[in-house]
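The file structure_30.txt contains compact mmCIF, C-alpha atoms (C1' of nucleotides):
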# COMPACT_ATOMS: atom_id res chain seq x y z
CA MET F 105 246.75 138.87 199.79
CA PHE F 106 248.75 142.06 199.42
CA VAL F 107 249.66 143.50 196.05
CA GLY F 108 250.21 146.96 194.67
CA GLN F 109 251.99 150.10 195.76
CA TYR F 110 250.74 153.24 197.43
CA ASN F 111 252.27 156.64 198.10
CA HIS F 112 251.42 157.84 201.58
CA ASN F 113 252.71 160.52 203.89
CA LEU F 114 254.34 160.13 207.26
CA ASP F 115 253.06 162.90 209.52
CA ASN F 116 255.24 164.68 212.04
CA LYS F 117 254.13 162.33 214.78
CA GLY F 118 255.56 159.34 212.95
CA ARG F 119 252.18 158.02 211.93
CA LEU F 120 251.58 156.20 208.68
CA ALA F 121 248.18 155.40 207.19
CA VAL F 122 248.12 151.83 205.93
CA PRO F 123 246.19 151.56 202.64
CA ALA F 124 242.59 150.61 203.33
CA LYS F 125 242.80 147.52 201.13
CA PHE F 126 245.64 146.12 203.19
CA ARG F 127 244.18 147.19 206.49
CA LYS F 128 241.23 144.89 206.12
CA GLU F 129 243.44 141.82 206.36
CA LEU F 130 245.43 143.16 209.29
CA LYS F 131 244.46 143.40 212.91
CA LYS F 132 247.79 143.13 214.61
CA ALA F 133 251.07 143.34 212.80
CA VAL F 134 254.81 143.39 213.35
CA VAL F 135 257.23 145.78 211.69
CA THR F 136 260.92 145.14 211.45
CA GLN F 137 263.98 145.90 209.39
CA GLY F 138 264.16 144.44 205.92
CA LEU F 139 266.74 143.98 203.21
CA ASP F 140 267.64 146.75 200.78
CA ASN F 141 267.02 149.41 203.40
CA CYS F 142 263.27 149.09 203.74
CA LEU F 143 260.92 148.10 206.53
CA VAL F 144 258.79 144.97 206.41
CA LEU F 145 255.38 144.59 207.95
CA TYR F 146 254.06 141.10 208.68
CA PRO F 147 250.59 140.11 209.77
CA GLN F 148 250.79 138.44 213.17
CA LYS F 149 250.45 134.96 211.65
CA GLU F 150 253.16 135.41 209.06
CA TRP F 151 255.44 136.89 211.64
CA GLN F 152 255.18 133.81 213.79
CA LYS F 153 256.49 131.71 210.93
CA VAL F 154 259.29 134.11 210.08
CA ALA F 155 260.38 134.52 213.67
CA GLN F 156 260.31 130.77 214.13
CA LYS F 157 262.56 130.32 211.14
CA PHE F 158 265.14 132.81 212.27
CA SER F 159 265.18 131.70 215.85
CA SER F 160 265.81 128.13 214.79
CA LEU F 161 268.84 128.87 212.67
CA PRO F 162 271.99 127.17 214.01
CA ILE F 163 273.76 129.77 216.13
CA ASN F 164 277.25 128.60 215.33
CA LYS F 165 277.40 130.65 212.16
CA ALA F 166 278.14 134.33 212.59
CA ASN F 167 275.92 135.22 209.65
CA ASN F 168 272.98 133.44 211.19
CA ARG F 169 273.36 135.27 214.46
CA ALA F 170 273.66 138.58 212.67
CA MET F 171 270.58 137.94 210.60
CA SER F 172 268.52 136.84 213.57
CA ARG F 173 269.46 139.94 215.52
CA PHE F 174 268.70 142.08 212.53
CA MET F 175 265.22 140.70 212.09
CA LEU F 176 264.16 139.81 215.60
CA ALA F 177 265.66 142.56 217.72
CA GLY F 178 264.50 145.22 215.29
CA ALA F 179 260.87 144.16 215.48
CA THR F 180 257.97 146.11 216.99
CA GLU F 181 254.35 145.19 217.34
CA VAL F 182 252.12 147.87 215.87
CA GLU F 183 248.43 148.57 216.29
CA PHE F 184 246.03 150.64 214.29
CA ASP F 185 244.36 153.80 215.53
CA GLY F 186 240.84 154.78 214.59
CA GLN F 187 242.03 156.15 211.25
CA GLY F 188 243.91 152.99 210.28
CA ARG F 189 247.35 154.37 211.03
CA ILE F 190 250.34 152.79 212.71
CA ILE F 191 253.17 154.47 214.57
CA LEU F 192 256.65 153.78 213.33
CA PRO F 193 259.19 154.22 216.13
CA GLU F 194 262.02 156.61 215.55
CA TYR F 195 264.72 153.96 215.17
CA LEU F 196 262.85 152.24 212.33
CA ARG F 197 262.18 155.49 210.51
CA LYS F 198 265.81 156.33 210.81
CA PHE F 199 266.90 152.90 209.64
CA ALA F 200 264.85 153.12 206.46
CA GLY F 201 265.67 156.79 205.95
CA LEU F 202 262.00 157.75 205.93
CA SER F 203 261.26 161.42 205.60
CA LYS F 204 257.74 162.35 204.64
CA ASN F 205 256.95 160.65 201.35
CA VAL F 206 256.70 156.92 201.77
CA VAL F 207 255.80 153.98 199.54
CA ILE F 208 253.89 151.01 200.90
CA ALA F 209 254.23 147.95 198.69
CA GLY F 210 252.35 144.68 198.89
CA LEU F 211 254.48 141.58 198.39
CA TYR F 212 251.75 139.00 198.64
CA ASN F 213 252.13 137.84 202.23
CA TYR F 214 253.78 140.91 203.71
CA LEU F 215 254.23 144.62 203.13
CA GLU F 216 257.31 146.71 202.55
CA ILE F 217 257.72 150.33 203.56
CA TRP F 218 260.18 152.46 201.61
CA ASP F 219 261.25 156.05 201.46
CA GLU F 220 259.75 157.25 198.22
CA LYS F 221 263.00 158.46 196.78
CA ASP F 222 264.78 155.18 197.47
CA TRP F 223 261.88 153.23 196.05
CA ASN F 224 261.89 155.20 192.82
CA GLU F 225 265.59 154.73 192.39
CA TYR F 226 265.39 151.02 193.09
CA LYS F 227 262.46 150.66 190.73
CA ALA F 228 264.15 152.53 187.92
CA LYS F 229 267.18 150.31 188.26
CA THR F 230 265.10 147.15 188.28
CA GLU F 231 262.98 148.13 185.33
CA LYS F 232 266.02 148.91 183.30
CA ASN F 233 267.36 145.42 183.96
CA SER F 234 264.06 143.59 184.10
CA THR F 235 264.68 141.64 180.92
CA ASP F 236 268.12 140.50 182.06
CA ILE F 237 266.88 139.65 185.53
CA ALA F 238 264.00 137.67 184.11
CA GLU F 239 266.29 135.70 181.85
CA ALA F 240 268.74 135.03 184.66
CA LEU F 241 265.89 133.84 186.83
CA SER F 242 264.57 131.35 184.34
CA ASP F 243 268.04 129.91 183.96
CA LEU F 244 268.20 129.24 187.66
CA ASN F 245 264.68 128.09 188.15
CA SER F 246 263.02 126.75 185.04
CA SER F 247 259.68 126.47 186.78
CA VAL F 248 259.15 130.20 186.73
CA SER F 249 257.37 131.04 183.55
CA LEU F 250 256.13 134.47 182.76
CA MET I 229 240.38 132.18 175.64
CA PHE I 230 241.63 135.60 174.61
CA VAL I 231 242.56 136.39 171.03
CA GLY I 232 242.60 139.53 168.94
CA GLN I 233 243.64 143.13 169.44
CA TYR I 234 241.57 146.21 170.15
CA ASN I 235 242.27 149.93 170.15
CA HIS I 236 240.68 151.63 173.13
CA ASN I 237 241.02 154.97 174.84
CA LEU I 238 242.18 155.71 178.33
CA ASP I 239 240.08 158.51 179.80
CA ASN I 240 241.50 161.23 182.02
CA LYS I 241 240.58 159.29 185.15
CA GLY I 242 242.81 156.39 184.15
CA ARG I 243 239.93 154.15 183.17
CA LEU I 244 240.14 151.62 180.39
CA ALA I 245 237.23 149.76 178.84
CA VAL I 246 238.08 146.08 178.47
CA PRO I 247 236.73 144.66 175.19
CA ALA I 248 233.35 143.09 175.79
CA LYS I 249 234.47 139.75 174.42
CA PHE I 250 237.24 139.49 176.98
CA ARG I 251 235.15 140.88 179.79
CA LYS I 252 232.81 137.93 179.74
CA GLU I 253 235.55 135.56 180.87
CA LEU I 254 236.78 137.90 183.56
CA LYS I 255 235.20 138.70 186.86
CA LYS I 256 238.24 139.60 188.86
CA ALA I 257 241.61 140.18 187.36
CA VAL I 258 245.09 141.39 188.22
CA VAL I 259 247.18 143.79 186.19
CA THR I 260 250.92 143.96 186.59
CA GLN I 261 254.07 145.05 184.85
CA GLY I 262 255.25 142.90 182.00
CA LEU I 263 258.39 142.64 179.99
CA ASP I 264 258.99 144.86 176.96
CA ASN I 265 257.29 147.77 178.67
CA CYS I 266 253.70 146.59 178.52
CA LEU I 267 251.14 145.70 181.15
CA VAL I 268 249.80 142.19 181.66
CA LEU I 269 246.30 141.34 182.79
CA TYR I 270 245.77 137.92 184.30
CA PRO I 271 242.47 136.31 185.20
CA GLN I 272 242.38 135.64 188.94
CA LYS I 273 243.17 131.95 188.50
CA GLU I 274 246.21 132.48 186.31
CA TRP I 275 247.44 135.16 188.65
CA GLN I 276 247.34 132.88 191.67
CA LYS I 277 249.83 130.57 190.01
CA VAL I 278 252.17 133.37 189.03
CA ALA I 279 252.01 135.10 192.40
CA GLN I 280 252.57 131.88 194.27
CA LYS I 281 255.78 131.28 192.37
CA PHE I 282 257.17 134.72 192.90
CA SER I 283 256.22 134.98 196.54
CA SER I 284 257.97 131.72 197.31
CA LEU I 285 261.33 132.63 195.82
CA PRO I 286 264.11 132.64 198.46
CA ILE I 287 264.68 136.24 199.50
CA ASN I 288 268.38 135.94 200.04
CA LYS I 289 269.16 136.56 196.37
CA ALA I 290 268.98 140.17 195.17
CA ASN I 291 267.55 139.16 191.80
CA ASN I 292 264.75 137.27 193.45
CA ARG I 293 263.80 140.24 195.55
CA ALA I 294 263.93 142.52 192.54
CA MET I 295 261.74 140.24 190.51
CA SER I 296 259.21 139.75 193.29
CA ARG I 297 258.93 143.47 193.81
CA PHE I 298 258.61 144.00 190.09
CA MET I 299 255.78 141.51 189.70
CA LEU I 300 254.00 141.61 193.06
CA ALA I 301 254.38 145.21 194.15
CA GLY I 302 253.75 146.14 190.54
CA ALA I 303 250.42 144.37 190.55
CA THR I 304 246.93 145.69 191.21
CA GLU I 305 243.69 143.85 191.64
CA VAL I 306 241.19 145.38 189.28
CA GLU I 307 237.43 145.22 189.27
CA PHE I 308 235.00 146.19 186.59
CA ASP I 309 232.63 149.09 186.94
CA GLY I 310 229.14 149.07 185.49
CA GLN I 311 230.53 149.95 182.07
CA GLY I 312 233.11 147.17 182.03
CA ARG I 313 236.07 149.40 182.73
CA ILE I 314 239.06 148.94 184.99
CA ILE I 315 241.17 151.61 186.63
CA LEU I 316 244.87 151.57 185.91
CA PRO I 317 246.76 153.28 188.73
CA GLU I 318 249.11 156.07 187.88
CA TYR I 319 252.29 154.06 188.41
CA LEU I 320 251.22 151.42 185.90
CA ARG I 321 250.25 153.96 183.28
CA LYS I 322 253.56 155.64 183.77
CA PHE I 323 255.46 152.38 183.59
CA ALA I 324 253.91 151.40 180.27
CA GLY I 325 254.04 154.95 178.94
CA LEU I 326 250.30 155.00 178.34
CA SER I 327 248.86 158.25 177.08
CA LYS I 328 245.42 158.02 175.56
CA ASN I 329 245.50 155.52 172.73
CA VAL I 330 245.96 152.02 174.00
CA VAL I 331 246.04 148.55 172.46
CA ILE I 332 244.58 145.56 174.28
CA ALA I 333 245.84 142.28 172.90
CA GLY I 334 244.68 138.79 173.75
CA LEU I 335 247.49 136.25 174.24
CA TYR I 336 245.37 133.20 174.86
CA ASN I 337 245.44 132.96 178.64
CA TYR I 338 246.17 136.58 179.45
CA LEU I 339 245.90 140.08 178.02
CA GLU I 340 248.54 142.64 177.25
CA ILE I 341 248.04 146.40 177.39
CA TRP I 342 250.29 148.59 175.28
CA ASP I 343 250.59 152.20 174.37
CA GLU I 344 249.40 152.28 170.80
CA LYS I 345 252.52 153.92 169.46
CA ASP I 346 254.82 151.41 171.14
CA TRP I 347 252.68 148.55 169.94
CA ASN I 348 252.84 149.67 166.35
CA GLU I 349 256.58 150.11 166.48
CA TYR I 350 257.11 146.77 168.14
CA LYS I 351 254.84 145.11 165.65
CA ALA I 352 256.55 146.65 162.67
CA LYS I 353 259.93 145.61 163.97
CA THR I 354 259.00 142.04 164.75
CA GLU I 355 257.04 141.48 161.59
CA LYS I 356 260.04 142.50 159.57
CA ASN I 357 262.21 140.02 161.46
CA SER I 358 259.65 137.34 162.06
CA THR I 359 261.44 134.65 160.14
CA ASP I 360 264.71 135.30 161.96
CA ILE I 361 262.97 135.32 165.30
CA ALA I 362 261.28 132.06 164.51
CA GLU I 363 264.61 130.50 163.64
CA ALA I 364 266.14 131.67 166.90
CA LEU I 365 263.31 130.30 168.99
CA SER I 366 264.50 127.42 171.07
CA ASP I 367 262.62 124.15 170.76
CA LEU I 368 259.00 125.11 170.34
CA ASN I 369 258.18 121.42 170.35
CA SER I 370 259.49 120.77 173.82
CA SER I 371 258.08 122.16 177.01
CA VAL I 372 259.48 125.67 176.69
CA SER I 373 256.89 128.25 177.56
CA LEU I 374 257.07 131.77 176.29
C1' DA K 248 218.13 152.29 158.26
C1' DG K 249 216.77 151.07 162.76
C1' DA K 250 217.83 148.67 166.90
C1' DT K 251 220.98 147.03 170.12
C1' DA K 252 225.21 146.74 172.19
C1' DA K 253 229.80 148.70 173.11
C1' DG K 254 232.74 152.52 174.21
C1' DT K 255 233.48 157.28 176.18
C1' DG K 256 232.87 161.21 179.20
C1' DG K 257 231.51 163.68 183.28
C1' DG K 258 229.13 164.84 187.90
C1' DG K 259 227.86 163.77 192.56
C1' DA K 260 228.04 160.75 196.73
C1' DT K 261 231.08 158.25 199.64
C1' DA K 262 235.25 156.72 201.55
C1' DA K 263 240.15 157.25 202.33
C1' DG K 264 244.07 160.02 203.69
C1' DT K 265 245.95 163.86 206.37
C1' DG K 266 246.60 167.19 209.99
C1' DG K 267 245.90 169.03 214.44
C1' DG K 268 243.94 169.70 219.26
C1' DG K 269 243.07 167.99 223.76
C1' DA K 270 242.50 164.31 227.34
C1' DA K 271 244.80 160.67 229.68
C1' DA K 272 248.86 158.45 231.03
C1' DA K 273 253.53 158.15 232.01
C1' DT K 274 257.76 160.10 233.47
C1' DA K 275 260.47 163.37 235.77
C1' DA K 276 261.25 167.09 239.16
C1' DT K 277 260.59 169.72 243.49
C1' DA V 249 253.69 162.89 247.70
C1' DT V 250 252.43 166.40 244.76
C1' DT V 251 253.21 169.13 240.93
C1' DA V 252 255.04 169.92 236.45
C1' DT V 253 256.38 168.44 231.94
C1' DT V 254 256.39 165.38 228.31
C1' DT V 255 254.59 161.70 225.68
C1' DT V 256 251.00 158.82 224.00
C1' DC V 257 246.61 158.06 222.43
C1' DC V 258 242.00 159.17 220.86
C1' DC V 259 238.88 162.02 218.55
C1' DC V 260 237.27 165.56 215.34
C1' DA V 261 237.58 168.17 210.98
C1' DC V 262 239.25 169.04 206.45
C1' DT V 263 240.86 167.77 201.91
C1' DT V 264 241.48 164.72 198.29
C1' DA V 265 240.74 160.70 195.77
C1' DT V 266 237.72 156.82 194.55
C1' DC V 267 233.58 154.71 193.24
C1' DC V 268 229.00 154.60 191.24
C1' DC V 269 225.61 156.22 188.35
C1' DC V 270 223.60 158.61 184.30
C1' DA V 271 223.92 160.31 179.59
C1' DC V 272 225.93 160.71 175.12
C1' DT V 273 228.42 158.96 171.10
C1' DT V 274 230.09 155.46 168.14
C1' DA V 275 230.11 150.94 166.32
C1' DT V 276 227.84 146.45 165.10
C1' DC V 277 224.11 143.39 163.71
C1' DT V 278 219.85 142.21 161.35
For the file at hand, write its structure as structure tokens.
Amino acid sequence: MFVGQYNHNLDNKGRLAVPAKFRKELKKAVVTQGLDNCLVLYPQKEWQKVAQKFSSLPINKANNRAMSRFMLAGATEVEFDGQGRIILPEYLRKFAGLSKNVVIAGLYNYLEIWDEKDWNEYKAKTEKNSTDIAEALSDLNSSVSL
Amino acid sequence: MFVGQYNHNLDNKGRLAVPAKFRKELKKAVVTQGLDNCLVLYPQKEWQKVAQKFSSLPINKANNRAMSRFMLAGATEVEFDGQGRIILPEYLRKFAGLSKNVVIAGLYNYLEIWDEKDWNEYKAKTEKNSTDIAEALSDLNSSVSL
DNA sequence: AGATAAGTGGGGATAAGTGGGGAAAATAAT
DNA sequence: ATTATTTTCCCCACTTATCCCCACTTATCT
């Protein structure tokens, strides 16, 4: 499964090299918009599950419709070239505010793609509050033990 | 299981020799960010449990996402080279403020990795207040896990 | 003190990441 | 319909980082 974070560069053709360790577990993948202004990359299998979930949400709630459109309509299938790179279409790069320096993070069963600057800011914020967040978590869900 | 503390040196390639006594019980391991600014090293088995929990948190809550990113994206699978060393990636060294002198402490079912200076300060502080801290501990007898 | 194991440091081979050129395909224009 | 222009894709080459091995130093055990 996917863990860790890597700093890679987006070249001027919109190509992004997926870390070799992740690549091995990925043949086909789907990239779409994620929360907190990042992109998410699912292996084909995981994507099926996610898409299923969103498409089966009751459509009477406005929030459900919005979320489904966000995730499903924003999605693109990506393939790897000989060097293990994928092409991120312009609208996704724009959405996530990607310039050149990009962070690819493994979140166990999927990947996230961030603009490096945003990632660093988010990380700094989280680390500063990590103790509080951890304590709040364990209040809500006592089964999470560190 | 893991007990005791060792002072080791990080070389300029980011490598850290794991104490031989610990090494014997570890084939594969995962290092990630811990609370109080240290790194945590889990044996593969322990890690599976932890990762499972974090990866299955509902992603609709901001705190859940933050915590998952902290623990999962902060993690790295580490392997031992012929000399029993692991490589700590730059972002983890930076997170824990590791320079050269490092303390590796066994906490029964996992290891902690500290910058030596921080460790000494933390130790001094807690030893001075140990009785107070013990008093404030909630029900050690019940199922509370630290 | 000698022997053995553990920890530390560095160099060379190999793989991973990055950038760019050119062929093929698609689209658009005459 | 043919040509021209743009876009996509594949391949090659370079640079940088990672891994593996060897050698030295320090500590531990008998």
Go ahead and align chain F to chain I (same sequence, so just pair every C-alpha in order, least squares) and export the moved chain as an mmCIF file with C-alpha atoms, in the coordinates of the input.
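For reference, part08.cif as written:
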data_model
loop_
_atom_site.group_PDB
_atom_site.id
_atom_site.type_symbol
_atom_site.label_atom_id
_atom_site.label_comp_id
_atom_site.auth_asym_id
_atom_site.auth_seq_id
_atom_site.Cartn_x
_atom_site.Cartn_y
_atom_site.Cartn_z
ATOM 1 C CA MET F 105 240.877 132.009 176.794
ATOM 2 C CA PHE F 106 242.182 135.379 175.673
ATOM 3 C CA VAL F 107 243.462 135.992 172.174
ATOM 4 C CA GLY F 108 243.543 138.932 169.822
ATOM 5 C CA GLN F 109 244.336 142.611 170.052
ATOM 6 C CA TYR F 110 242.117 145.637 170.412
ATOM 7 C CA ASN F 111 242.706 149.368 170.129
ATOM 8 C CA HIS F 112 240.895 151.231 172.872
ATOM 9 C CA ASN F 113 241.059 154.701 174.327
ATOM 10 C CA LEU F 114 241.976 155.739 177.826
ATOM 11 C CA ASP F 115 239.681 158.584 178.855
ATOM 12 C CA ASN F 116 240.840 161.526 180.922
ATOM 13 C CA LYS F 117 239.698 159.843 184.104
ATOM 14 C CA GLY F 118 242.091 156.958 183.570
ATOM 15 C CA ARG F 119 239.369 154.542 182.590
ATOM 16 C CA LEU F 120 239.880 151.782 180.069
ATOM 17 C CA ALA F 121 237.129 149.705 178.476
ATOM 18 C CA VAL F 122 238.103 146.047 178.463
ATOM 19 C CA PRO F 123 237.024 144.343 175.214
ATOM 20 C CA ALA F 124 233.648 142.694 175.681
ATOM 21 C CA LYS F 125 234.978 139.283 174.668
ATOM 22 C CA PHE F 126 237.544 139.346 177.440
ATOM 23 C CA ARG F 127 235.218 140.874 179.974
ATOM 24 C CA LYS F 128 232.976 137.856 179.982
ATOM 25 C CA GLU F 129 235.687 135.696 181.516
ATOM 26 C CA LEU F 130 236.672 138.298 184.085
ATOM 27 C CA LYS F 131 234.922 139.286 187.258
ATOM 28 C CA LYS F 132 237.791 140.418 189.388
ATOM 29 C CA ALA F 133 241.259 140.982 188.074
ATOM 30 C CA VAL F 134 244.696 142.194 189.080
ATOM 31 C CA VAL F 135 246.848 144.574 187.073
ATOM 32 C CA THR F 136 250.553 144.913 187.561
ATOM 33 C CA GLN F 137 253.748 145.852 185.802
ATOM 34 C CA GLY F 138 254.973 143.572 183.063
ATOM 35 C CA LEU F 139 258.110 143.075 181.032
ATOM 36 C CA ASP F 140 258.896 145.177 177.973
ATOM 37 C CA ASN F 141 257.177 148.201 179.464
ATOM 38 C CA CYS F 142 253.598 146.991 179.377
ATOM 39 C CA LEU F 143 250.973 146.239 181.990
ATOM 40 C CA VAL F 144 249.636 142.750 182.616
ATOM 41 C CA LEU F 145 246.138 141.918 183.717
ATOM 42 C CA TYR F 146 245.469 138.558 185.365
ATOM 43 C CA PRO F 147 242.139 137.021 186.237
ATOM 44 C CA GLN F 148 241.960 136.504 189.991
ATOM 45 C CA LYS F 149 242.704 132.778 189.667
ATOM 46 C CA GLU F 150 245.745 133.188 187.467
ATOM 47 C CA TRP F 151 247.050 135.898 189.703
ATOM 48 C CA GLN F 152 247.001 133.604 192.688
ATOM 49 C CA LYS F 153 249.309 131.213 190.883
ATOM 50 C CA VAL F 154 251.648 133.935 189.681
ATOM 51 C CA ALA F 155 251.831 135.626 193.050
ATOM 52 C CA GLN F 156 252.467 132.288 194.702
ATOM 53 C CA LYS F 157 255.347 131.632 192.362
ATOM 54 C CA PHE F 158 257.033 134.940 192.951
ATOM 55 C CA SER F 159 256.543 134.946 196.667
ATOM 56 C CA SER F 160 258.133 131.530 196.935
ATOM 57 C CA LEU F 161 261.316 132.426 195.122
ATOM 58 C CA PRO F 162 264.396 132.093 197.362
ATOM 59 C CA ILE F 163 265.074 135.565 198.730
ATOM 60 C CA ASN F 164 268.822 135.202 198.841
ATOM 61 C CA LYS F 165 269.205 136.229 195.226
ATOM 62 C CA ALA F 166 269.033 139.936 194.520
ATOM 63 C CA ASN F 167 267.355 139.321 191.177
ATOM 64 C CA ASN F 168 264.603 137.328 192.801
ATOM 65 C CA ARG F 169 263.876 140.043 195.308
ATOM 66 C CA ALA F 170 263.838 142.661 192.589
ATOM 67 C CA MET F 171 261.481 140.653 190.445
ATOM 68 C CA SER F 172 259.117 139.929 193.302
ATOM 69 C CA ARG F 173 258.934 143.588 194.235
ATOM 70 C CA PHE F 174 258.392 144.503 190.634
ATOM 71 C CA MET F 175 255.463 142.169 190.202
ATOM 72 C CA LEU F 176 253.893 142.062 193.631
ATOM 73 C CA ALA F 177 254.282 145.599 194.914
ATOM 74 C CA GLY F 178 253.128 147.043 191.611
ATOM 75 C CA ALA F 179 249.853 145.142 191.643
ATOM 76 C CA THR F 180 246.349 146.583 192.019
ATOM 77 C CA GLU F 181 243.020 144.859 192.156
ATOM 78 C CA VAL F 182 240.637 146.306 189.598
ATOM 79 C CA GLU F 183 236.880 146.073 189.259
ATOM 80 C CA PHE F 184 234.578 146.762 186.383
ATOM 81 C CA ASP F 185 232.046 149.571 186.277
ATOM 82 C CA GLY F 186 228.682 149.256 184.598
ATOM 83 C CA GLN F 187 230.238 149.889 181.188
ATOM 84 C CA GLY F 188 232.912 147.214 181.575
ATOM 85 C CA ARG F 189 235.736 149.625 182.291
ATOM 86 C CA ILE F 190 238.565 149.455 184.787
ATOM 87 C CA ILE F 191 240.506 152.292 186.359
ATOM 88 C CA LEU F 192 244.236 152.244 185.900
ATOM 89 C CA PRO F 193 245.965 154.129 188.718
ATOM 90 C CA GLU F 194 248.276 156.927 187.776
ATOM 91 C CA TYR F 195 251.497 155.110 188.658
ATOM 92 C CA LEU F 196 250.689 152.216 186.314
ATOM 93 C CA ARG F 197 249.745 154.508 183.455
ATOM 94 C CA LYS F 198 252.962 156.346 183.953
ATOM 95 C CA PHE F 199 254.984 153.152 184.134
ATOM 96 C CA ALA F 200 253.662 151.898 180.811
ATOM 97 C CA GLY F 201 253.769 155.351 179.240
ATOM 98 C CA LEU F 202 250.070 155.238 178.407
ATOM 99 C CA SER F 203 248.652 158.322 176.793
ATOM 100 C CA LYS F 204 245.303 157.955 175.111
ATOM 101 C CA ASN F 205 245.616 155.243 172.487
ATOM 102 C CA VAL F 206 246.084 151.863 174.070
ATOM 103 C CA VAL F 207 246.331 148.282 172.829
ATOM 104 C CA ILE F 208 244.854 145.420 174.816
ATOM 105 C CA ALA F 209 246.304 142.069 173.801
ATOM 106 C CA GLY F 210 245.167 138.610 174.807
ATOM 107 C CA LEU F 211 247.966 136.190 175.647
ATOM 108 C CA TYR F 212 245.862 133.151 176.357
ATOM 109 C CA ASN F 213 245.704 133.206 180.145
ATOM 110 C CA TYR F 214 246.305 136.896 180.744
ATOM 111 C CA LEU F 215 246.066 140.266 179.045
ATOM 112 C CA GLU F 216 248.679 142.855 178.236
ATOM 113 C CA ILE F 217 248.081 146.584 178.046
ATOM 114 C CA TRP F 218 250.388 148.653 175.859
ATOM 115 C CA ASP F 219 250.674 152.202 174.685
ATOM 116 C CA GLU F 220 249.680 151.982 171.059
ATOM 117 C CA LYS F 221 252.828 153.563 169.758
ATOM 118 C CA ASP F 222 255.078 151.221 171.722
ATOM 119 C CA TRP F 223 253.033 148.241 170.641
ATOM 120 C CA ASN F 224 253.313 149.139 166.976
ATOM 121 C CA GLU F 225 257.032 149.583 167.232
ATOM 122 C CA TYR F 226 257.484 146.314 169.077
ATOM 123 C CA LYS F 227 255.272 144.522 166.591
ATOM 124 C CA ALA F 228 257.085 145.901 163.580
ATOM 125 C CA LYS F 229 260.374 144.772 165.040
ATOM 126 C CA THR F 230 259.062 141.309 165.813
ATOM 127 C CA GLU F 231 257.463 140.801 162.445
ATOM 128 C CA LYS F 232 260.628 141.762 160.705
ATOM 129 C CA ASN F 233 262.509 139.100 162.651
ATOM 130 C CA SER F 234 259.724 136.566 162.934
ATOM 131 C CA THR F 235 261.412 134.036 160.686
ATOM 132 C CA ASP F 236 264.691 134.239 162.594
ATOM 133 C CA ILE F 237 262.948 134.108 165.948
ATOM 134 C CA ALA F 238 260.929 131.106 164.879
ATOM 135 C CA GLU F 239 264.016 129.269 163.725
ATOM 136 C CA ALA F 240 265.894 130.112 166.905
ATOM 137 C CA LEU F 241 262.967 128.864 168.937
ATOM 138 C CA SER F 242 262.773 125.510 167.247
ATOM 139 C CA ASP F 243 266.470 125.013 167.837
ATOM 140 C CA LEU F 244 265.974 125.491 171.537
ATOM 141 C CA ASN F 245 262.759 123.622 171.894
ATOM 142 C CA SER F 246 262.128 121.058 169.202
ATOM 143 C CA SER F 247 258.632 120.394 170.465
ATOM 144 C CA VAL F 248 257.341 123.668 169.122
ATOM 145 C CA SER F 249 256.145 123.058 165.631
ATOM 146 C CA LEU F 250 254.399 125.655 163.598
#
Set out as a Markdown table a contact list for chain F and chain K with a cut-off of 8 Å, giving each residue of chain F that qualifies its closest atom pair and distance in Å to one decimal, counting all atoms listed in the file, ordered by chain and rising residue number.
| residue | atom | partner | partner_atom | distance |
| --- | --- | --- | --- | --- |
| F:His112 | CA | K:DG264 | C1' | 8.0 |
| F:Asn113 | CA | K:DT265 | C1' | 7.9 |
| F:Asp115 | CA | K:DG266 | C1' | 7.8 |
| F:Ala121 | CA | K:DG264 | C1' | 7.1 |
| F:Ala124 | CA | K:DA263 | C1' | 7.1 |
Taking all atoms of stretch 260-276 of chain V that the file lists, what box with edges along x, y and z, padded by 6 Å per side, do you get, with centre and edge lengths in Å to one decimal, as lines of an AutoDock Vina configuration file?
center_x = 232.5
center_y = 157.7
center_z = 190.2
size_x = 29.9
size_y = 34.6
size_z = 62.2
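Of the residues listed (F:Gln152, F:Asn224, F:Gln109, F:Asn116), F:Asn116 shows the shortest atom-to-atom separation from F:Lys204; distances use only C-alpha atoms.
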Stretch 297-306 of chain I environment, 7 Å, only C-alpha atoms (C1' of nucleotides), sequence neighbours closer than 2 positions dropped, as a PyMOL selection string | (chain F and resi 107-109+209-212) or (chain I and resi 256-261+279+293-295+308+314-315)
Only C-alpha atoms, please: the residues just picked out, written as an mmCIF file, keeping the file's coordinate frame.
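Written out: result.cif:
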data_model
loop_
_atom_site.group_PDB
_atom_site.id
_atom_site.type_symbol
_atom_site.label_atom_id
_atom_site.label_comp_id
_atom_site.auth_asym_id
_atom_site.auth_seq_id
_atom_site.Cartn_x
_atom_site.Cartn_y
_atom_site.Cartn_z
ATOM 1 C CA VAL F 107 249.660 143.500 196.050
ATOM 2 C CA GLY F 108 250.210 146.960 194.670
ATOM 3 C CA GLN F 109 251.990 150.100 195.760
ATOM 4 C CA ALA F 209 254.230 147.950 198.690
ATOM 5 C CA GLY F 210 252.350 144.680 198.890
ATOM 6 C CA LEU F 211 254.480 141.580 198.390
ATOM 7 C CA TYR F 212 251.750 139.000 198.640
ATOM 8 C CA LYS I 256 238.240 139.600 188.860
ATOM 9 C CA ALA I 257 241.610 140.180 187.360
ATOM 10 C CA VAL I 258 245.090 141.390 188.220
ATOM 11 C CA VAL I 259 247.180 143.790 186.190
ATOM 12 C CA THR I 260 250.920 143.960 186.590
ATOM 13 C CA GLN I 261 254.070 145.050 184.850
ATOM 14 C CA ALA I 279 252.010 135.100 192.400
ATOM 15 C CA ARG I 293 263.800 140.240 195.550
ATOM 16 C CA ALA I 294 263.930 142.520 192.540
ATOM 17 C CA MET I 295 261.740 140.240 190.510
ATOM 18 C CA PHE I 308 235.000 146.190 186.590
ATOM 19 C CA ILE I 314 239.060 148.940 184.990
ATOM 20 C CA ILE I 315 241.170 151.610 186.630
#
